[in-house]
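The file data24.cif comes next; it holds mmCIF, C-alpha atoms.
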data_protein
#
loop_
_atom_site.label_atom_id
_atom_site.label_comp_id
_atom_site.auth_asym_id
_atom_site.auth_seq_id
_atom_site.Cartn_x
_atom_site.Cartn_y
_atom_site.Cartn_z
CA MET A 1 0.00 0.00 0.00
CA THR A 2 2.53 2.57 1.12
CA ARG A 3 5.59 2.80 -1.02
CA ARG A 4 8.20 1.93 1.55
CA HIS A 5 11.05 2.51 -0.81
CA GLN A 6 10.26 6.19 -0.78
CA PRO A 7 11.80 8.37 1.90
CA LYS A 8 9.78 8.88 5.04
CA THR A 9 8.95 12.45 6.04
CA VAL A 10 7.43 13.12 9.45
CA ALA A 11 5.54 16.11 10.82
CA ALA A 12 5.19 15.97 14.61
CA VAL A 13 3.14 18.12 16.95
CA VAL A 14 2.50 18.08 20.69
CA TYR A 15 -0.70 19.53 22.11
CA ARG A 16 -2.16 19.89 25.57
CA PHE A 17 -5.88 19.26 25.93
CA ASP A 18 -8.18 20.31 28.77
CA ALA A 19 -9.74 16.86 28.95
CA PRO A 20 -8.61 13.45 30.22
CA PRO A 21 -6.89 10.98 27.83
CA GLN A 22 -9.95 8.79 27.26
CA ASP A 23 -12.00 11.82 26.10
CA VAL A 24 -9.25 12.86 23.71
CA PHE A 25 -8.90 9.29 22.45
CA ASP A 26 -12.65 8.91 21.94
CA ALA A 27 -12.81 12.23 20.08
CA TRP A 28 -11.21 10.38 17.15
CA LEU A 29 -13.79 7.59 17.20
CA ASP A 30 -17.22 9.13 17.80
CA PRO A 31 -18.42 10.03 14.27
CA ASP A 32 -20.67 12.90 15.43
CA PHE A 33 -17.90 14.45 17.48
CA ALA A 34 -15.04 13.73 15.07
CA GLY A 35 -17.13 15.21 12.25
CA LYS A 36 -16.91 18.59 13.99
CA TRP A 37 -13.12 18.87 13.99
CA TRP A 38 -11.11 16.09 12.34
CA PHE A 39 -11.48 16.63 8.62
CA THR A 40 -13.63 19.68 8.22
CA SER A 41 -13.42 23.46 8.32
CA PRO A 42 -15.51 26.44 9.40
CA THR A 43 -16.61 26.86 5.78
CA SER A 44 -17.73 23.24 5.46
CA GLU A 45 -21.13 22.86 3.75
CA LEU A 46 -21.49 19.14 4.28
CA ASN A 47 -19.66 16.56 6.37
CA THR A 48 -20.24 12.82 6.50
CA THR A 49 -18.03 10.96 8.95
CA ARG A 50 -18.13 7.18 9.28
CA ILE A 51 -15.78 5.53 11.77
CA ASP A 52 -15.42 1.89 12.71
CA GLY A 53 -13.26 2.49 15.76
CA ARG A 54 -11.39 -0.75 16.38
CA LEU A 55 -8.17 -2.43 15.27
CA GLY A 56 -8.54 -3.09 11.55
CA GLY A 57 -11.66 -0.90 11.40
CA GLU A 58 -11.99 1.67 8.63
CA TYR A 59 -13.07 5.27 8.47
CA GLU A 60 -14.33 7.49 5.69
CA ILE A 61 -14.83 11.24 5.89
CA VAL A 62 -16.39 13.28 3.12
CA ASP A 63 -16.30 17.04 3.53
CA ARG A 64 -17.54 19.61 1.02
CA ARG A 65 -16.44 23.21 1.16
CA ASP A 66 -16.14 25.99 -1.35
CA GLY A 67 -17.73 23.69 -3.90
CA ILE A 68 -15.02 21.05 -3.61
CA THR A 69 -15.62 17.60 -2.13
CA TYR A 70 -12.75 16.08 -0.18
CA ARG A 71 -12.78 12.39 0.73
CA ALA A 72 -10.37 10.84 3.18
CA ILE A 73 -10.20 7.13 4.02
CA GLY A 74 -8.06 4.94 6.20
CA THR A 75 -7.69 1.94 8.49
CA PHE A 76 -6.85 1.79 12.18
CA ILE A 77 -3.56 -0.08 12.42
CA GLU A 78 -2.90 0.38 16.15
CA PHE A 79 -5.56 0.63 18.81
CA ASP A 80 -4.79 0.85 22.53
CA ARG A 81 -7.39 2.95 24.35
CA PRO A 82 -6.64 5.53 25.67
CA HIS A 83 -2.89 5.52 25.08
CA ARG A 84 -2.14 4.97 21.45
CA LEU A 85 -3.90 5.09 18.11
CA ALA A 86 -2.53 4.79 14.60
CA PHE A 87 -4.27 4.90 11.26
CA THR A 88 -3.55 5.22 7.57
CA PHE A 89 -4.70 8.33 5.74
CA ALA A 90 -5.36 8.64 2.04
CA MET A 91 -7.25 10.95 -0.28
CA PRO A 92 -7.63 8.64 -3.31
CA ALA A 93 -9.14 11.27 -5.61
CA MET A 94 -6.11 13.48 -5.20
CA SER A 95 -3.18 11.16 -4.80
CA ASP A 96 -2.27 7.50 -4.44
CA ALA A 97 -0.12 8.38 -1.42
CA VAL A 98 -0.97 6.60 1.83
CA ASP A 99 0.18 8.44 4.94
CA GLU A 100 0.36 7.10 8.49
CA VAL A 101 -0.73 9.01 11.56
CA THR A 102 0.28 7.86 15.04
CA ILE A 103 -1.10 9.39 18.22
CA THR A 104 0.09 8.87 21.77
CA ILE A 105 -1.86 10.32 24.67
CA GLY A 106 -0.81 10.66 28.30
CA PRO A 107 -2.28 12.39 31.34
CA ASP A 108 -1.11 15.94 32.07
CA GLY A 109 -2.54 17.34 35.29
CA ASP A 110 -6.30 17.47 34.85
CA GLY A 111 -5.88 17.31 31.10
CA SER A 112 -3.78 15.36 28.68
CA LYS A 113 -0.89 15.69 26.34
CA MET A 114 -1.10 14.26 22.87
CA THR A 115 1.75 13.70 20.47
CA LEU A 116 0.87 13.25 16.83
CA GLU A 117 3.21 12.04 14.14
CA HIS A 118 2.08 12.30 10.57
CA ALA A 119 4.36 10.34 8.25
CA CYS A 120 4.29 10.40 4.50
CA TYR A 121 6.28 8.40 1.99
CA ARG A 122 6.97 10.40 -1.13
CA ASP A 123 9.71 11.93 -3.15
CA PHE A 124 9.64 15.63 -2.56
CA LYS A 125 11.29 17.62 -5.25
CA LYS A 126 14.07 19.99 -4.45
CA PRO A 127 13.48 23.40 -6.00
CA TYR A 128 16.25 22.88 -8.54
CA GLU A 129 14.63 19.67 -9.75
CA SER A 130 11.29 21.24 -10.47
CA GLY A 131 12.10 22.71 -13.85
CA TRP A 132 11.60 26.18 -12.45
CA GLY A 133 15.22 26.29 -11.49
CA THR A 134 16.02 29.85 -12.39
CA MET A 135 13.24 31.54 -10.51
CA PHE A 136 13.45 29.27 -7.48
CA GLY A 137 17.20 29.08 -7.61
CA GLU A 138 17.57 32.82 -7.37
CA LEU A 139 15.06 33.25 -4.58
CA ASP A 140 16.44 30.24 -2.76
CA LYS A 141 19.93 31.72 -2.97
CA LEU A 142 18.62 35.02 -1.66
CA LEU A 143 16.95 33.32 1.28
CA ARG A 144 19.96 31.19 2.10
CA ILE A 145 22.37 34.12 1.95
CA ARG A 146 20.17 35.92 4.39
CA ALA A 147 19.98 32.85 6.65
CA THR A 148 23.76 32.48 6.68
CA ASN A 149 24.29 36.13 7.52
CA LYS A 150 22.14 35.87 10.61
CA MET B 1 -7.29 30.29 22.51
CA ASP B 2 -6.03 31.14 25.97
CA GLU B 3 -7.66 28.01 27.29
CA SER B 4 -5.95 25.65 24.90
CA ARG B 5 -2.53 25.99 26.53
CA PRO B 6 -0.70 24.08 23.83
CA VAL B 7 2.74 22.77 24.63
CA GLY B 8 5.73 22.17 22.44
CA ARG B 9 4.67 24.50 19.69
CA THR B 10 6.48 27.57 18.57
CA SER B 11 4.89 30.91 17.87
CA SER B 12 5.53 30.43 14.19
CA ASP B 13 3.43 27.25 14.26
CA ARG B 14 0.68 29.16 15.91
CA ALA B 15 0.71 31.97 13.42
CA SER B 16 0.03 29.85 10.39
CA ALA B 17 -2.54 27.59 11.99
CA THR B 18 -5.44 28.57 9.74
CA PRO B 19 -4.90 27.15 6.27
CA TYR B 20 -7.75 24.66 6.12
CA LEU B 21 -8.46 24.59 2.44
CA GLN B 22 -4.91 25.08 1.31
CA THR B 23 -3.43 22.36 3.44
CA GLU B 24 -6.24 19.95 2.67
CA ALA B 25 -4.75 19.92 -0.79
CA MET B 26 -1.42 18.85 0.64
CA ASN B 27 -1.85 15.35 -0.71
CA LEU B 28 -1.72 16.75 -4.17
CA LYS B 29 1.76 15.93 -5.20
CA GLU B 30 2.39 19.45 -6.44
CA GLY B 31 0.49 21.07 -3.60
CA SER B 32 3.31 22.90 -1.90
CA LEU B 33 4.75 23.96 -5.21
CA ASP B 34 1.39 25.43 -6.19
CA ARG B 35 1.28 27.41 -2.99
CA THR B 36 4.76 28.70 -3.62
CA PHE B 37 3.79 29.88 -7.10
CA ILE B 38 0.60 31.51 -5.93
CA ALA B 39 2.58 33.25 -3.21
CA LEU B 40 5.21 34.50 -5.63
CA ALA B 41 2.80 35.48 -8.38
CA ASP B 42 1.86 38.83 -6.87
CA PRO B 43 4.02 42.00 -6.93
CA THR B 44 2.94 43.08 -3.44
CA ARG B 45 3.97 39.73 -2.00
CA ARG B 46 7.29 39.85 -3.81
CA ALA B 47 7.83 43.33 -2.39
CA ILE B 48 7.09 41.99 1.09
CA LEU B 49 9.68 39.25 0.58
CA ALA B 50 12.18 41.84 -0.63
CA ARG B 51 11.50 43.95 2.46
CA LEU B 52 11.96 40.95 4.77
CA ASN B 53 15.18 40.09 3.01
CA LEU B 54 16.56 43.28 4.58
CA GLY B 55 15.66 42.01 8.01
CA GLU B 56 12.74 40.96 10.19
CA ALA B 57 9.90 43.45 10.60
CA ARG B 58 6.57 44.05 12.28
CA VAL B 59 3.39 43.78 10.24
CA THR B 60 2.83 47.54 10.56
CA GLU B 61 6.35 48.27 9.33
CA ILE B 62 5.80 46.09 6.30
CA ALA B 63 2.48 47.74 5.53
CA GLU B 64 3.90 51.28 5.72
CA PRO B 65 5.20 51.72 2.14
CA PHE B 66 2.07 50.25 0.56
CA SER B 67 -0.96 52.30 -0.36
CA ILE B 68 -3.27 49.38 0.45
CA SER B 69 -4.97 48.75 3.80
CA LEU B 70 -3.30 46.98 6.71
CA ASN B 71 -5.97 44.32 6.34
CA SER B 72 -5.05 43.44 2.77
CA VAL B 73 -1.34 43.49 3.63
CA SER B 74 -2.17 40.98 6.37
CA LYS B 75 -3.90 38.78 3.81
CA HIS B 76 -0.82 38.84 1.61
CA ILE B 77 1.33 37.93 4.60
CA ARG B 78 -0.94 35.01 5.49
CA LEU B 79 -0.57 33.66 1.97
CA LEU B 80 3.20 33.88 2.27
CA GLU B 81 2.98 32.05 5.62
CA ARG B 82 0.89 29.29 4.08
CA ALA B 83 3.52 28.85 1.43
CA ALA B 84 6.03 28.60 4.29
CA LEU B 85 8.04 31.46 2.78
CA VAL B 86 7.50 33.72 5.77
CA LYS B 87 7.36 32.87 9.45
CA ARG B 88 5.84 34.81 12.29
CA GLU B 89 6.98 35.09 15.88
CA ARG B 90 4.95 36.59 18.66
CA VAL B 91 6.85 38.72 21.12
CA GLY B 92 4.28 39.92 23.60
CA ARG B 93 1.72 41.80 21.51
CA GLU B 94 4.09 42.26 18.60
CA HIS B 95 4.11 40.00 15.57
CA ILE B 96 7.57 39.83 14.07
CA LEU B 97 7.88 38.48 10.56
CA SER B 98 10.93 37.04 8.90
CA LEU B 99 11.88 35.01 5.86
CA ASN B 100 11.77 31.25 6.14
CA PRO B 101 14.77 29.95 4.21
CA SER B 102 13.48 26.38 4.09
CA GLY B 103 10.22 27.49 2.46
CA LEU B 104 11.38 26.53 -0.99
CA ASP B 105 12.14 23.00 0.02
CA GLU B 106 9.04 20.91 -0.66
CA ALA B 107 9.59 18.49 2.22
CA SER B 108 10.03 21.31 4.76
CA ALA B 109 6.99 23.07 3.36
CA TRP B 110 4.94 19.87 3.68
CA ILE B 111 6.04 19.46 7.31
CA GLU B 112 5.17 23.06 8.19
CA GLN B 113 1.79 22.89 6.48
CA THR B 114 0.91 19.53 8.00
CA LYS B 115 1.80 20.77 11.48
CA SER B 116 -0.29 23.90 10.98
CA LEU B 117 -3.24 21.85 9.81
CA TRP B 118 -3.20 19.54 12.85
CA LEU B 119 -2.67 22.41 15.30
CA ALA B 120 -5.65 24.24 13.83
CA ARG B 121 -7.75 21.08 14.18
CA PHE B 122 -6.59 20.58 17.77
CA ASP B 123 -7.57 24.17 18.62
CA THR B 124 -11.06 23.31 17.36
CA LEU B 125 -11.08 19.96 19.20
CA ASN B 126 -9.97 21.46 22.49
CA ALA B 127 -12.63 24.17 22.21
CA LEU B 128 -15.22 21.42 21.64
CA LEU B 129 -13.98 19.40 24.61
CA LEU B 130 -14.23 22.48 26.85
CA LYS B 131 -17.71 23.25 25.53
CA ARG B 132 -18.82 19.72 26.34
CA LYS B 133 -17.30 19.96 29.81
CA ARG B 134 -19.36 23.09 30.40
CA GLY B 135 -22.43 21.23 29.19
CA GLU B 136 -22.86 23.43 26.14
CA LEU B 137 -22.57 20.58 23.71
#

Would you kindly transcribe this structure into structure tokens?
Amino acid sequence: MTRRHQPKTVAAVVYRFDAPPQDVFDAWLDPDFAGKWWFTSPTSELNTTRIDGRLGGEYEIVDRRDGITYRAIGTFIEFDRPHRLAFTFAMPAMSDAVDEVTITIGPDGDGSKMTLEHACYRDFKKPYESGWGTMFGELDKLLRIRATNK
Amino acid sequence: MDESRPVGRTSSDRASATPYLQTEAMNLKEGSLDRTFIALADPTRRAILARLNLGEARVTEIAEPFSISLNSVSKHIRLLERAALVKRERVGREHILSLNPSGLDEASAWIEQTKSLWLARFDTLNALLLKRKRGEL
């Protein structure tokens, strides 16, 4: 499914929630609740969220905004309530890429701390490989010169 | 916002945590490249980049030489942030902008945009959790 031969790129965030770990964990699994925040936006006109919250279970979220329909699908590949959750993430209409999202949740005072790692496996182009070398190259140089002078 | 008390995030993460539509397109292979082009396609935005190349600046300082409103300058700046070309730091009430040298690297841009997207979602989620705790949901 994922193209493992491609380099792995990871975006990681840490966030503190004002709710206990089980509430944060369940926020990913309750379709009504997840539909309000997971894969939607304030300008959303329509959101359909289906979640089969168990190991091997699948989810599908369809969100329409600004006249465009976005569809995300995936499978839960790790499931340890309320500590750890991992799932695949794909938007088949846009790309054949399959990302992986891993969440770990721990208590933090009267709230909780969640770490999320979003990994993708694709070949990102360097600016000079994009065929727009001159324009990017010049600006890139400019930015790097400035960064070095700091 | 004050209630969310996020940890482990920098002010520059915070500043660009709004690009719902743009970052939803991040799975498009050329997504970050598109954003870069859109950001660079406008003379005002290129002028802002040129100004920031001289050194970091406040939003008001950047807006000064332009005949357009502070509001539309802010919109231009947000677009540059979404393209990860410009980063924002909050120092007290001041918003300091500077160039982001890694903005032209697609992988770095993807990381920044993905982080922004999740942080924006978590702001929404935490607000919902608090609402429910107060019995408003």

**OP:** Please write as a PyMOL selection string the full residue list that the PyMOL selection byres ((chain A and resi 38-44) around 8) yields on this file.
**Re:** (chain A and resi 28+34-37+45-47+61+63-66) or (chain B and resi 20-21+121+125)

For the residues in that selection, give me C-alpha atoms as a PDB file, keeping the file's coordinate frame.
ATOM      1  CA  TRP A  28     -11.210  10.380  17.150  1.00  0.00           C
ATOM      2  CA  ALA A  34     -15.040  13.730  15.070  1.00  0.00           C
ATOM      3  CA  GLY A  35     -17.130  15.210  12.250  1.00  0.00           C
ATOM      4  CA  LYS A  36     -16.910  18.590  13.990  1.00  0.00           C
ATOM      5  CA  TRP A  37     -13.120  18.870  13.990  1.00  0.00           C
ATOM      6  CA  GLU A  45     -21.130  22.860   3.750  1.00  0.00           C
ATOM      7  CA  LEU A  46     -21.490  19.140   4.280  1.00  0.00           C
ATOM      8  CA  ASN A  47     -19.660  16.560   6.370  1.00  0.00           C
ATOM      9  CA  ILE A  61     -14.830  11.240   5.890  1.00  0.00           C
ATOM     10  CA  ASP A  63     -16.300  17.040   3.530  1.00  0.00           C
ATOM     11  CA  ARG A  64     -17.540  19.610   1.020  1.00  0.00           C
ATOM     12  CA  ARG A  65     -16.440  23.210   1.160  1.00  0.00           C
ATOM     13  CA  ASP A  66     -16.140  25.990  -1.350  1.00  0.00           C
TER      14      ASP A  66
ATOM     15  CA  TYR B  20      -7.750  24.660   6.120  1.00  0.00           C
ATOM     16  CA  LEU B  21      -8.460  24.590   2.440  1.00  0.00           C
ATOM     17  CA  ARG B 121      -7.750  21.080  14.180  1.00  0.00           C
ATOM     18  CA  LEU B 125     -11.080  19.960  19.200  1.00  0.00           C
TER      19      LEU B 125
END

Subject >> d(atom CA of Ala72 of chain A, atom CA of Ile51 of chain A) in Å >> reply: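 These two atoms are separated by 11.5 Å.
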
**OP:** Within 7 Å of segment 38-40 of chain B, counting all atoms listed in the file, which residues show up once you throw out same-chain ones fewer than 2 positions away? Write them as a ChimeraX atom specification, please.
**Re:** /B:34-36,42,45-46,79-80,83

Output C-alpha atoms for every residue in that selection, as a short mmCIF file (atom, residue, chain, number, x, y, z; two decimals), keeping the file's coordinate frame.
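Wrote out.cif, looks like this:
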data_model
loop_
_atom_site.label_atom_id
_atom_site.label_comp_id
_atom_site.auth_asym_id
_atom_site.auth_seq_id
_atom_site.Cartn_x
_atom_site.Cartn_y
_atom_site.Cartn_z
CA ASP B 34 1.39 25.43 -6.19
CA ARG B 35 1.28 27.41 -2.99
CA THR B 36 4.76 28.70 -3.62
CA ASP B 42 1.86 38.83 -6.87
CA ARG B 45 3.97 39.73 -2.00
CA ARG B 46 7.29 39.85 -3.81
CA LEU B 79 -0.57 33.66 1.97
CA LEU B 80 3.20 33.88 2.27
CA ALA B 83 3.52 28.85 1.43
#

Subject >> atom CA of Ile48 of chain B to atom CA of His76 of chain B, straight-line distance in Å >> reply: 8.5 Å

**OP:** Dig up all the protein and nucleic acid residues within 6 Å of (-7.9, 6.4, 5.6) in the file frame, using all atoms listed in the file, and format them as number ranges by chain.
**Re:** A: 72-75, 88-90

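Atom pair atom CA of Lys75 of chain B / atom CA of Leu99 of chain B: separated by 16.4 Å.
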
**OP:** Compile the contact shell of Arg132 of chain B as a list in words: residues with an atom at most 12 Å away, counting only C-alpha atoms, same-chain residues fewer than 2 positions apart removed.
**Re:**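 Once the adjacent positions are removed, what remains is Asp18, Ala19, Asp23, Ala27 and Phe33 of chain A; Leu125, Asn126, Ala127, Leu128, Leu129, Leu130, Arg134, Gly135, Glu136 and Leu137 of chain B.
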
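Distance cut-off 9 Å, centre (-2.3, 20.6, 33.4), atoms counted all atoms listed in the file; the residues meeting this are Arg16, Phe17, Asp18, Pro107, Asp108, Gly109, Asp110, Gly111, Ser112 and Lys113 of chain A; Arg5 of chain B.
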